[in-house]
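Asker: Sharing entry-v3.cif here; it has mmCIF, C-alpha atoms.
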```
data_model
#
loop_
_atom_site.label_atom_id
_atom_site.label_comp_id
_atom_site.auth_asym_id
_atom_site.auth_seq_id
_atom_site.Cartn_x
_atom_site.Cartn_y
_atom_site.Cartn_z
CA MET A 1 -35.17 -22.22 -20.96
CA SER A 2 -32.68 -22.38 -18.11
CA THR A 3 -29.16 -21.20 -18.83
CA PRO A 4 -26.17 -21.64 -16.51
CA LEU A 5 -26.71 -17.97 -15.57
CA ASP A 6 -30.32 -18.66 -14.56
CA GLN A 7 -29.13 -21.63 -12.51
CA LEU A 8 -26.47 -19.49 -10.83
CA PHE A 9 -29.00 -16.97 -9.53
CA THR A 10 -31.22 -19.80 -8.25
CA LYS A 11 -28.19 -21.06 -6.34
CA THR A 12 -27.08 -17.71 -4.92
CA ARG A 13 -30.63 -16.84 -3.88
CA SER A 14 -30.84 -20.16 -2.03
CA GLU A 15 -27.60 -19.15 -0.27
CA ASN A 16 -29.06 -15.70 0.53
CA ARG A 17 -26.22 -13.83 -1.14
CA ALA A 18 -25.43 -11.86 -4.26
CA ALA A 19 -23.36 -13.14 -7.16
CA LEU A 20 -19.98 -11.63 -8.04
CA ILE A 21 -19.79 -10.90 -11.78
CA ALA A 22 -16.38 -9.99 -13.22
CA TYR A 23 -15.78 -8.13 -16.49
CA ILE A 24 -12.77 -8.22 -18.81
CA PRO A 25 -12.56 -7.09 -22.44
CA ALA A 26 -11.67 -9.90 -24.83
CA GLY A 27 -8.02 -9.66 -25.87
CA TYR A 28 -6.94 -7.56 -22.90
CA PRO A 29 -4.17 -7.15 -21.90
CA THR A 30 -3.31 -9.67 -24.66
CA GLN A 31 -5.13 -12.66 -26.11
CA GLU A 32 -3.32 -15.09 -23.80
CA GLY A 33 -3.30 -12.57 -20.96
CA CYS A 34 -7.11 -12.37 -21.16
CA LYS A 35 -7.33 -16.13 -20.72
CA ALA A 36 -4.98 -15.89 -17.73
CA VAL A 37 -7.27 -13.23 -16.19
CA ILE A 38 -10.28 -15.50 -16.77
CA ASP A 39 -8.41 -18.33 -15.05
CA ALA A 40 -7.68 -16.01 -12.10
CA PHE A 41 -11.38 -15.07 -11.94
CA ALA A 42 -12.35 -18.75 -11.86
CA ASP A 43 -9.68 -19.80 -9.37
CA ALA A 44 -10.36 -16.94 -6.95
CA GLY A 45 -14.13 -17.27 -6.77
CA VAL A 46 -16.14 -15.16 -9.21
CA ASP A 47 -19.64 -16.49 -9.88
CA ALA A 48 -20.06 -15.25 -13.46
CA ILE A 49 -17.95 -13.59 -16.14
CA GLU A 50 -18.70 -10.84 -18.66
CA ILE A 51 -16.55 -10.86 -21.77
CA GLY A 52 -16.45 -7.39 -23.29
CA PHE A 53 -16.55 -7.03 -27.09
CA PRO A 54 -13.99 -4.24 -27.68
CA TYR A 55 -15.62 -1.38 -29.54
CA SER A 56 -14.29 1.89 -30.93
CA ASP A 57 -17.15 4.11 -29.65
CA PRO A 58 -18.17 2.66 -26.27
CA VAL A 59 -20.62 5.32 -25.04
CA MET A 60 -21.30 3.59 -21.71
CA ASP A 61 -17.66 2.86 -20.87
CA GLY A 62 -15.37 5.22 -19.00
CA PRO A 63 -11.72 5.99 -19.83
CA THR A 64 -10.31 2.83 -18.18
CA ILE A 65 -12.35 0.41 -20.27
CA GLN A 66 -12.08 2.60 -23.38
CA GLU A 67 -8.30 2.48 -23.17
CA ALA A 68 -8.32 -1.29 -22.61
CA ALA A 69 -10.68 -1.71 -25.58
CA ASN A 70 -8.40 0.37 -27.80
CA THR A 71 -5.40 -1.76 -26.79
CA SER A 72 -7.34 -4.89 -27.63
CA LEU A 73 -8.64 -3.52 -30.95
CA ASN A 74 -5.15 -2.42 -31.97
CA ALA A 75 -3.98 -5.99 -31.34
CA GLY A 76 -6.60 -7.25 -33.78
CA THR A 77 -9.36 -8.51 -31.49
CA GLY A 78 -12.59 -9.24 -33.31
CA ALA A 79 -15.53 -11.59 -33.02
CA LYS A 80 -13.34 -14.70 -33.31
CA GLU A 81 -11.29 -13.67 -30.28
CA VAL A 82 -14.41 -12.70 -28.32
CA PHE A 83 -15.89 -16.15 -28.82
CA GLU A 84 -12.56 -17.78 -27.96
CA ALA A 85 -12.49 -15.89 -24.65
CA LEU A 86 -16.11 -16.85 -24.01
CA ALA A 87 -15.33 -20.50 -24.69
CA HIS A 88 -12.35 -20.33 -22.33
CA ALA A 89 -14.54 -18.93 -19.55
CA THR A 90 -17.35 -21.43 -19.99
CA ALA A 91 -14.85 -24.31 -20.16
CA ARG A 92 -13.90 -23.34 -16.60
CA GLY A 93 -17.50 -24.02 -15.59
CA ILE A 94 -18.36 -20.34 -14.98
CA PRO A 95 -21.66 -18.96 -16.34
CA SER A 96 -20.56 -16.34 -18.86
CA VAL A 97 -22.06 -13.67 -21.09
CA VAL A 98 -20.82 -11.22 -23.70
CA MET A 99 -21.33 -7.48 -23.28
CA THR A 100 -21.42 -5.69 -26.62
CA TYR A 101 -22.78 -2.67 -28.36
CA TRP A 102 -25.30 -3.34 -31.10
CA ASN A 103 -23.15 -2.55 -34.12
CA PRO A 104 -20.89 -5.64 -33.81
CA ILE A 105 -23.97 -7.89 -33.55
CA GLU A 106 -25.58 -6.34 -36.61
CA LYS A 107 -22.33 -6.52 -38.56
CA TYR A 108 -21.75 -10.17 -37.62
CA GLY A 109 -25.35 -11.20 -38.28
CA ILE A 110 -28.05 -11.23 -35.63
CA GLU A 111 -29.01 -14.90 -35.74
CA LYS A 112 -25.42 -16.00 -36.32
CA PHE A 113 -24.22 -14.00 -33.30
CA ALA A 114 -26.81 -15.58 -31.01
CA GLU A 115 -25.96 -19.04 -32.36
CA SER A 116 -22.25 -18.43 -31.75
CA ILE A 117 -22.91 -17.42 -28.14
CA ALA A 118 -24.86 -20.65 -27.63
CA SER A 119 -22.33 -22.85 -29.44
CA ASN A 120 -19.60 -21.55 -27.11
CA SER A 121 -21.80 -22.39 -24.10
CA GLY A 122 -22.45 -18.71 -23.32
CA SER A 123 -25.54 -17.84 -21.33
CA GLY A 124 -26.44 -14.57 -23.02
CA VAL A 125 -25.59 -11.07 -24.16
CA ILE A 126 -25.76 -7.63 -22.51
CA THR A 127 -26.72 -4.93 -25.02
CA PRO A 128 -26.33 -1.47 -23.40
CA ASP A 129 -27.31 0.60 -26.45
CA LEU A 130 -30.15 -1.49 -27.90
CA PRO A 131 -33.59 0.07 -27.16
CA VAL A 132 -36.16 -2.60 -26.36
CA ASP A 133 -38.51 -0.89 -28.83
CA GLU A 134 -36.15 -2.02 -31.62
CA ALA A 135 -34.99 -5.28 -30.06
CA GLN A 136 -37.49 -7.77 -31.47
CA PRO A 137 -35.07 -9.31 -34.01
CA TRP A 138 -32.50 -9.78 -31.26
CA THR A 139 -34.87 -11.14 -28.61
CA ALA A 140 -36.26 -13.56 -31.21
CA ALA A 141 -32.75 -14.76 -32.09
CA SER A 142 -31.85 -15.04 -28.40
CA HIS A 143 -34.97 -17.05 -27.69
CA SER A 144 -34.29 -19.32 -30.67
CA SER A 145 -30.72 -19.96 -29.45
CA LYS A 146 -31.91 -20.37 -25.84
CA ILE A 147 -29.72 -17.60 -24.44
CA ASN A 148 -30.50 -14.66 -22.17
CA SER A 149 -31.14 -11.14 -23.49
CA ILE A 150 -29.97 -8.63 -20.89
CA PHE A 151 -30.84 -4.93 -21.10
CA VAL A 152 -29.53 -1.97 -19.14
CA VAL A 153 -31.59 0.49 -17.09
CA ALA A 154 -30.46 3.67 -15.34
CA PRO A 155 -31.74 5.96 -12.58
CA SER A 156 -33.32 8.11 -15.31
CA THR A 157 -35.48 5.22 -16.56
CA THR A 158 -39.11 5.94 -15.72
CA ASP A 159 -41.26 3.43 -13.87
CA ALA A 160 -43.32 2.81 -17.00
CA ARG A 161 -40.17 2.29 -19.00
CA LEU A 162 -38.74 -0.06 -16.35
CA GLU A 163 -41.75 -2.31 -16.73
CA LYS A 164 -41.34 -2.34 -20.52
CA VAL A 165 -37.57 -3.03 -20.46
CA THR A 166 -37.62 -5.72 -17.78
CA ALA A 167 -40.39 -7.56 -19.63
CA GLN A 168 -37.85 -8.15 -22.42
CA CYS A 169 -35.01 -9.19 -20.05
CA SER A 170 -33.93 -12.64 -19.04
CA GLY A 171 -30.98 -13.77 -16.93
CA PHE A 172 -30.75 -10.50 -15.05
CA VAL A 173 -31.50 -6.81 -15.35
CA TYR A 174 -28.34 -4.69 -15.57
CA ALA A 175 -28.83 -1.68 -13.28
CA ALA A 176 -26.40 1.13 -14.04
CA SER A 177 -26.06 2.60 -10.57
CA LEU A 178 -25.59 6.20 -11.64
CA MET A 179 -25.79 8.44 -14.64
CA GLY A 180 -22.51 8.44 -16.53
CA VAL A 181 -19.96 5.90 -17.63
CA THR A 182 -18.20 2.91 -16.09
CA GLY A 183 -15.19 3.30 -13.85
CA ALA A 184 -13.98 2.59 -10.33
CA ARG A 185 -15.20 5.22 -7.86
CA THR A 186 -14.67 6.06 -4.22
CA GLY A 187 -18.31 5.35 -3.35
CA ILE A 188 -21.51 3.85 -4.73
CA SER A 189 -24.26 6.16 -5.92
CA ALA A 190 -26.97 6.67 -3.31
CA GLY A 191 -29.44 6.18 -6.13
CA ALA A 192 -28.41 2.57 -6.77
CA LYS A 193 -30.59 1.08 -4.03
CA ASP A 194 -33.54 3.21 -5.07
CA LEU A 195 -33.17 1.99 -8.65
CA VAL A 196 -32.99 -1.67 -7.54
CA ASP A 197 -36.06 -1.19 -5.33
CA ARG A 198 -37.96 0.29 -8.28
CA ILE A 199 -36.93 -2.59 -10.57
CA LYS A 200 -37.98 -5.20 -8.02
CA LYS A 201 -41.48 -3.72 -7.95
CA VAL A 202 -41.99 -4.61 -11.62
CA THR A 203 -40.08 -7.91 -12.09
CA LYS A 204 -38.85 -10.98 -10.25
CA ILE A 205 -35.81 -11.29 -12.56
CA PRO A 206 -32.49 -10.92 -10.66
CA VAL A 207 -30.99 -7.42 -10.65
CA ALA A 208 -27.24 -6.86 -10.93
CA VAL A 209 -25.63 -3.50 -10.24
CA GLY A 210 -22.67 -2.17 -12.17
CA LEU A 211 -20.66 1.06 -12.42
CA GLY A 212 -18.40 2.02 -9.59
CA VAL A 213 -17.76 -1.12 -7.51
CA SER A 214 -14.08 -1.57 -6.72
CA THR A 215 -13.66 -2.63 -3.07
CA ARG A 216 -14.85 -5.25 -0.59
CA GLU A 217 -16.92 -2.58 1.18
CA HIS A 218 -18.57 -1.54 -2.09
CA ALA A 219 -19.39 -5.18 -2.84
CA LYS A 220 -20.81 -5.67 0.65
CA GLU A 221 -22.95 -2.55 0.33
CA VAL A 222 -24.41 -3.47 -3.08
CA ALA A 223 -24.87 -7.13 -2.14
CA GLY A 224 -27.16 -5.97 0.65
CA TYR A 225 -29.93 -5.16 -1.84
CA ALA A 226 -28.94 -6.48 -5.31
CA ASP A 227 -28.73 -10.02 -6.69
CA GLY A 228 -25.48 -9.41 -8.52
CA VAL A 229 -22.43 -7.16 -8.15
CA ILE A 230 -20.61 -6.30 -11.39
CA VAL A 231 -16.94 -5.24 -11.31
CA GLY A 232 -14.87 -4.26 -14.35
CA SER A 233 -12.64 -1.20 -14.24
CA ALA A 234 -11.10 -2.19 -10.90
CA PHE A 235 -9.67 -5.35 -12.49
CA ILE A 236 -8.22 -3.39 -15.39
CA ASN A 237 -6.68 -0.93 -12.95
CA ALA A 238 -5.15 -3.86 -11.06
CA LEU A 239 -3.56 -5.10 -14.29
CA ASN A 240 -2.41 -1.62 -15.31
CA GLY A 241 -0.84 -0.95 -11.93
CA ALA A 242 1.34 -4.06 -12.02
CA ASP A 243 4.88 -4.26 -13.38
CA SER A 244 4.31 -7.57 -15.15
CA LEU A 245 1.45 -9.78 -16.30
CA ASP A 246 2.16 -12.27 -13.52
CA SER A 247 1.99 -9.64 -10.80
CA GLY A 248 -1.13 -8.20 -12.44
CA ILE A 249 -2.78 -11.61 -12.37
CA ASN A 250 -1.87 -11.92 -8.71
CA ALA A 251 -3.46 -8.51 -8.05
CA VAL A 252 -6.62 -9.56 -9.89
CA ARG A 253 -6.80 -12.77 -7.89
CA ALA A 254 -6.38 -10.89 -4.60
CA LEU A 255 -9.09 -8.39 -5.55
CA VAL A 256 -11.52 -11.19 -6.49
CA GLU A 257 -10.95 -12.82 -3.11
CA GLN A 258 -11.78 -9.56 -1.32
CA LEU A 259 -14.87 -8.90 -3.44
CA ALA A 260 -16.07 -12.50 -2.96
CA LEU A 261 -15.93 -11.91 0.77
CA GLY A 262 -17.86 -8.68 0.32
CA VAL A 263 -20.78 -10.27 -1.55
CA ARG A 264 -21.06 -12.84 1.24
CA GLU A 265 -21.13 -10.17 3.94
CA GLY A 266 -23.86 -8.04 2.37
CA ARG A 267 -26.78 -9.66 4.13
CA GLY A 268 -25.21 -10.03 7.53
#
```
Please express what this file holds, its structure, as structure tokens.

Answerer:
Amino acid sequence: MSTPLDQLFTKTRSENRAALIAYIPAGYPTQEGCKAVIDAFADAGVDAIEIGFPYSDPVMDGPTIQEAANTSLNAGTGAKEVFEALAHATARGIPSVVMTYWNPIEKYGIEKFAESIASNSGSGVITPDLPVDEAQPWTAASHSSKINSIFVVAPSTTDARLEKVTAQCSGFVYAASLMGVTGARTGISAGAKDLVDRIKKVTKIPVAVGLGVSTREHAKEVAGYADGVIVGSAFINALNGADSLDSGINAVRALVEQLALGVREGRG
């Protein structure tokens, strides 16, 4: 199996740089506005896109993404709109995945969800709250649909547990850089590099770091040791700080351009 996401990391490794992975919840700020954000991501130079499945109890997400998810849910976003956003992203030629909590997958139907990701040309799914001990039905469905199953590890994950989790991962390992929830921060956790180093001792799968990246300097720092740099809340803040959708899109595009420079500067 080789998904567009797998092929992306082969490409970025050959270029000796990290990949820039951008996150936006489906249906945010509106259904059409989400597609405009995806277009800005593609035009300005992101390498991969995460489409968030808005969820009412997002335990990993901080206030910025929670508020965006609530806006999207109140506008009626469901699985149909998530897959529409995914299809829009993949139609732009960008390797794309869905990030979702387990409940929406179980409600939709495990095999059907994996098949829908594949039929919309998605590369895989990030499942932050699915323990690998209980993931066999999902990993089987992912394997059957030839998509990546991506799990999340944190600084608190033991070395033994890291080996167990990464053995079930494909595409990349999502390294949460600090304990807590998502959200733009003034600096990256000092523990992020230690976590990546520990992961790389037990797997050759690419490692992408999320939680806290919001500036070119952050991206440069993380790209020095990780294979992927994940940015989410900073894009939502850019949209929220604008006085119109058009100016918000311009702010998103400008931020992508800065972050794309950062991931190319990380390894000197």

Asker: For the structure shown, which residues end up in the PyMOL selection byres ((chain A and resi 240) around 12)? Put them as a ChimeraX atom specification, please?

Answerer: /A:28-29,64-65,67-68,71,233-239,241-249,251-252

Asker: Now that the selection is made, can you save its residues with C-alpha atoms as a JSON list (two decimals), in the coordinates of the input?

Answerer:
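See part30.json below for the written result:
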```json
[["chain", "number", "residue", "atom", "x", "y", "z"],
["A", 28, "TYR", "CA", -6.94, -7.56, -22.90],
["A", 29, "PRO", "CA", -4.17, -7.15, -21.90],
["A", 64, "THR", "CA", -10.31, 2.83, -18.18],
["A", 65, "ILE", "CA", -12.35, 0.41, -20.27],
["A", 67, "GLU", "CA", -8.30, 2.48, -23.17],
["A", 68, "ALA", "CA", -8.32, -1.29, -22.61],
["A", 71, "THR", "CA", -5.40, -1.76, -26.79],
["A", 233, "SER", "CA", -12.64, -1.20, -14.24],
["A", 234, "ALA", "CA", -11.10, -2.19, -10.90],
["A", 235, "PHE", "CA", -9.67, -5.35, -12.49],
["A", 236, "ILE", "CA", -8.22, -3.39, -15.39],
["A", 237, "ASN", "CA", -6.68, -0.93, -12.95],
["A", 238, "ALA", "CA", -5.15, -3.86, -11.06],
["A", 239, "LEU", "CA", -3.56, -5.10, -14.29],
["A", 241, "GLY", "CA", -0.84, -0.95, -11.93],
["A", 242, "ALA", "CA", 1.34, -4.06, -12.02],
["A", 243, "ASP", "CA", 4.88, -4.26, -13.38],
["A", 244, "SER", "CA", 4.31, -7.57, -15.15],
["A", 245, "LEU", "CA", 1.45, -9.78, -16.30],
["A", 246, "ASP", "CA", 2.16, -12.27, -13.52],
["A", 247, "SER", "CA", 1.99, -9.64, -10.80],
["A", 248, "GLY", "CA", -1.13, -8.20, -12.44],
["A", 249, "ILE", "CA", -2.78, -11.61, -12.37],
["A", 251, "ALA", "CA", -3.46, -8.51, -8.05],
["A", 252, "VAL", "CA", -6.62, -9.56, -9.89]]
```

Asker: Can you pull out the residues contacting Val263 in chain A? Cut-off 6 Å, using all atoms listed in the file, and skip same-chain residues under 5 positions away; I want them as a list in words.

Answerer: Ala18, Ala219, Lys220 and Ala223 of chain A

Asker: May I have a table of the residues of range 42-122 of chain A lying at most 10 Å from range 131-144 of chain A, giving each one's closest pair of atoms and their distance in Å to one decimal, counting only C-alpha atoms, ordered by chain and ascending residue number, as a tab-separated table?

Answerer:
```
residue	atom	partner	partner_atom	distance
A:Trp102	CA	A:Trp138	CA	9.7
A:Ile105	CA	A:Trp138	CA	9.0
A:Glu106	CA	A:Trp138	CA	9.4
A:Ile110	CA	A:Trp138	CA	6.4
A:Glu111	CA	A:Ala141	CA	5.2
A:Lys112	CA	A:Ala141	CA	8.6
A:Phe113	CA	A:Ala141	CA	8.6
A:Ala114	CA	A:Ser142	CA	5.7
A:Glu115	CA	A:Ala141	CA	8.0
A:Ile117	CA	A:Ser142	CA	9.3
A:Ala118	CA	A:Ser142	CA	9.0
```

Asker: Can you pull out every residue within 8 Å of Tyr101 in chain A, counting only C-alpha atoms, but drop anything in the same chain fewer than 2 positions away, and send it as a list in words?

Answerer: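 The neighbour list is Phe53, Tyr55, Pro58, Met99, Asn103, Pro104, Ile105, Thr127, Pro128, Asp129 and Leu130 of chain A.
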
Asker: Hey, which of A:Asp227, A:Glu32, A:Lys204, A:Gly45 ends up closest to Ser14 in chain A? Count only C-alpha atoms.

Answerer: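 Using only C-alpha atoms, Ser14 in chain A sits closest to A:Asp227.
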
Asker: Please evaluate the PyMOL selection byres ((chain A and resi 84-94) around 8) against the displayed coordinates and give the resulting residues as a short mmCIF file (atom, residue, chain, number, x, y, z; two decimals) with C-alpha atoms, in the coordinates of the input.

Answerer:
```cif
data_model
loop_
_atom_site.label_atom_id
_atom_site.label_comp_id
_atom_site.auth_asym_id
_atom_site.auth_seq_id
_atom_site.Cartn_x
_atom_site.Cartn_y
_atom_site.Cartn_z
CA ALA A 26 -11.67 -9.90 -24.83
CA GLY A 27 -8.02 -9.66 -25.87
CA CYS A 34 -7.11 -12.37 -21.16
CA LYS A 35 -7.33 -16.13 -20.72
CA ILE A 38 -10.28 -15.50 -16.77
CA ASP A 39 -8.41 -18.33 -15.05
CA ALA A 42 -12.35 -18.75 -11.86
CA ASP A 47 -19.64 -16.49 -9.88
CA ALA A 48 -20.06 -15.25 -13.46
CA ILE A 49 -17.95 -13.59 -16.14
CA ILE A 51 -16.55 -10.86 -21.77
CA LYS A 80 -13.34 -14.70 -33.31
CA GLU A 81 -11.29 -13.67 -30.28
CA VAL A 82 -14.41 -12.70 -28.32
CA PHE A 83 -15.89 -16.15 -28.82
CA PRO A 95 -21.66 -18.96 -16.34
CA SER A 96 -20.56 -16.34 -18.86
CA VAL A 97 -22.06 -13.67 -21.09
CA VAL A 98 -20.82 -11.22 -23.70
CA ILE A 117 -22.91 -17.42 -28.14
CA ASN A 120 -19.60 -21.55 -27.11
CA SER A 121 -21.80 -22.39 -24.10
CA GLY A 122 -22.45 -18.71 -23.32
#
```

Asker: Convert the output of the PyMOL selection byres ((chain A and resi 230) around 12) on the shown file into explicit residues, formatted as a PyMOL selection string.

Answerer: chain A and resi 18-24+46-50+99+172-177+182-184+207-215+218-219+222-223+226-229+231-235+256+259-260+263

Asker: Those residues you just picked out, can you put them in a file as a tab-separated table (two decimals), in the frame of the given file with C-alpha atoms?

Answerer:
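And here is the file that came out, again_5.tsv:
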```
chain	number	residue	atom	x	y	z
A	18	ALA	CA	-25.43	-11.86	-4.26
A	19	ALA	CA	-23.36	-13.14	-7.16
A	20	LEU	CA	-19.98	-11.63	-8.04
A	21	ILE	CA	-19.79	-10.90	-11.78
A	22	ALA	CA	-16.38	-9.99	-13.22
A	23	TYR	CA	-15.78	-8.13	-16.49
A	24	ILE	CA	-12.77	-8.22	-18.81
A	46	VAL	CA	-16.14	-15.16	-9.21
A	47	ASP	CA	-19.64	-16.49	-9.88
A	48	ALA	CA	-20.06	-15.25	-13.46
A	49	ILE	CA	-17.95	-13.59	-16.14
A	50	GLU	CA	-18.70	-10.84	-18.66
A	99	MET	CA	-21.33	-7.48	-23.28
A	172	PHE	CA	-30.75	-10.50	-15.05
A	173	VAL	CA	-31.50	-6.81	-15.35
A	174	TYR	CA	-28.34	-4.69	-15.57
A	175	ALA	CA	-28.83	-1.68	-13.28
A	176	ALA	CA	-26.40	1.13	-14.04
A	177	SER	CA	-26.06	2.60	-10.57
A	182	THR	CA	-18.20	2.91	-16.09
A	183	GLY	CA	-15.19	3.30	-13.85
A	184	ALA	CA	-13.98	2.59	-10.33
A	207	VAL	CA	-30.99	-7.42	-10.65
A	208	ALA	CA	-27.24	-6.86	-10.93
A	209	VAL	CA	-25.63	-3.50	-10.24
A	210	GLY	CA	-22.67	-2.17	-12.17
A	211	LEU	CA	-20.66	1.06	-12.42
A	212	GLY	CA	-18.40	2.02	-9.59
A	213	VAL	CA	-17.76	-1.12	-7.51
A	214	SER	CA	-14.08	-1.57	-6.72
A	215	THR	CA	-13.66	-2.63	-3.07
A	218	HIS	CA	-18.57	-1.54	-2.09
A	219	ALA	CA	-19.39	-5.18	-2.84
A	222	VAL	CA	-24.41	-3.47	-3.08
A	223	ALA	CA	-24.87	-7.13	-2.14
A	226	ALA	CA	-28.94	-6.48	-5.31
A	227	ASP	CA	-28.73	-10.02	-6.69
A	228	GLY	CA	-25.48	-9.41	-8.52
A	229	VAL	CA	-22.43	-7.16	-8.15
A	231	VAL	CA	-16.94	-5.24	-11.31
A	232	GLY	CA	-14.87	-4.26	-14.35
A	233	SER	CA	-12.64	-1.20	-14.24
A	234	ALA	CA	-11.10	-2.19	-10.90
A	235	PHE	CA	-9.67	-5.35	-12.49
A	256	VAL	CA	-11.52	-11.19	-6.49
A	259	LEU	CA	-14.87	-8.90	-3.44
A	260	ALA	CA	-16.07	-12.50	-2.96
A	263	VAL	CA	-20.78	-10.27	-1.55
```

Asker: Taking every listed atom of range 96-103 of chain A and adding 8 Å to each side, what centre and edge lengths in Å (one decimal) does the axis-aligned box have, as lines of an AutoDock Vina configuration file?

Answerer:
```
center_x = -22.9
center_y = -9.4
center_z = -26.5
size_x = 20.7
size_y = 29.8
size_z = 31.3
```

Asker: Between A:Glu221, A:Pro54, A:Gln7, A:Lys146, which has the minimum distance to Gly76 in chain A (counting only C-alpha atoms)?

Answerer: A:Pro54

Asker: Could you work out how far CA of Ala79 in chain A lies from CA of Gly33 in chain A, giving the answer in Å with one decimal?

Answerer: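 Computing it gives 17.2 Å between the two atoms.
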
Asker: Suppose you want the space between CA of Pro25 in chain A and CA of Asn74 in chain A; what is it in Å?

Answerer: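 The value is 12.9 Å.
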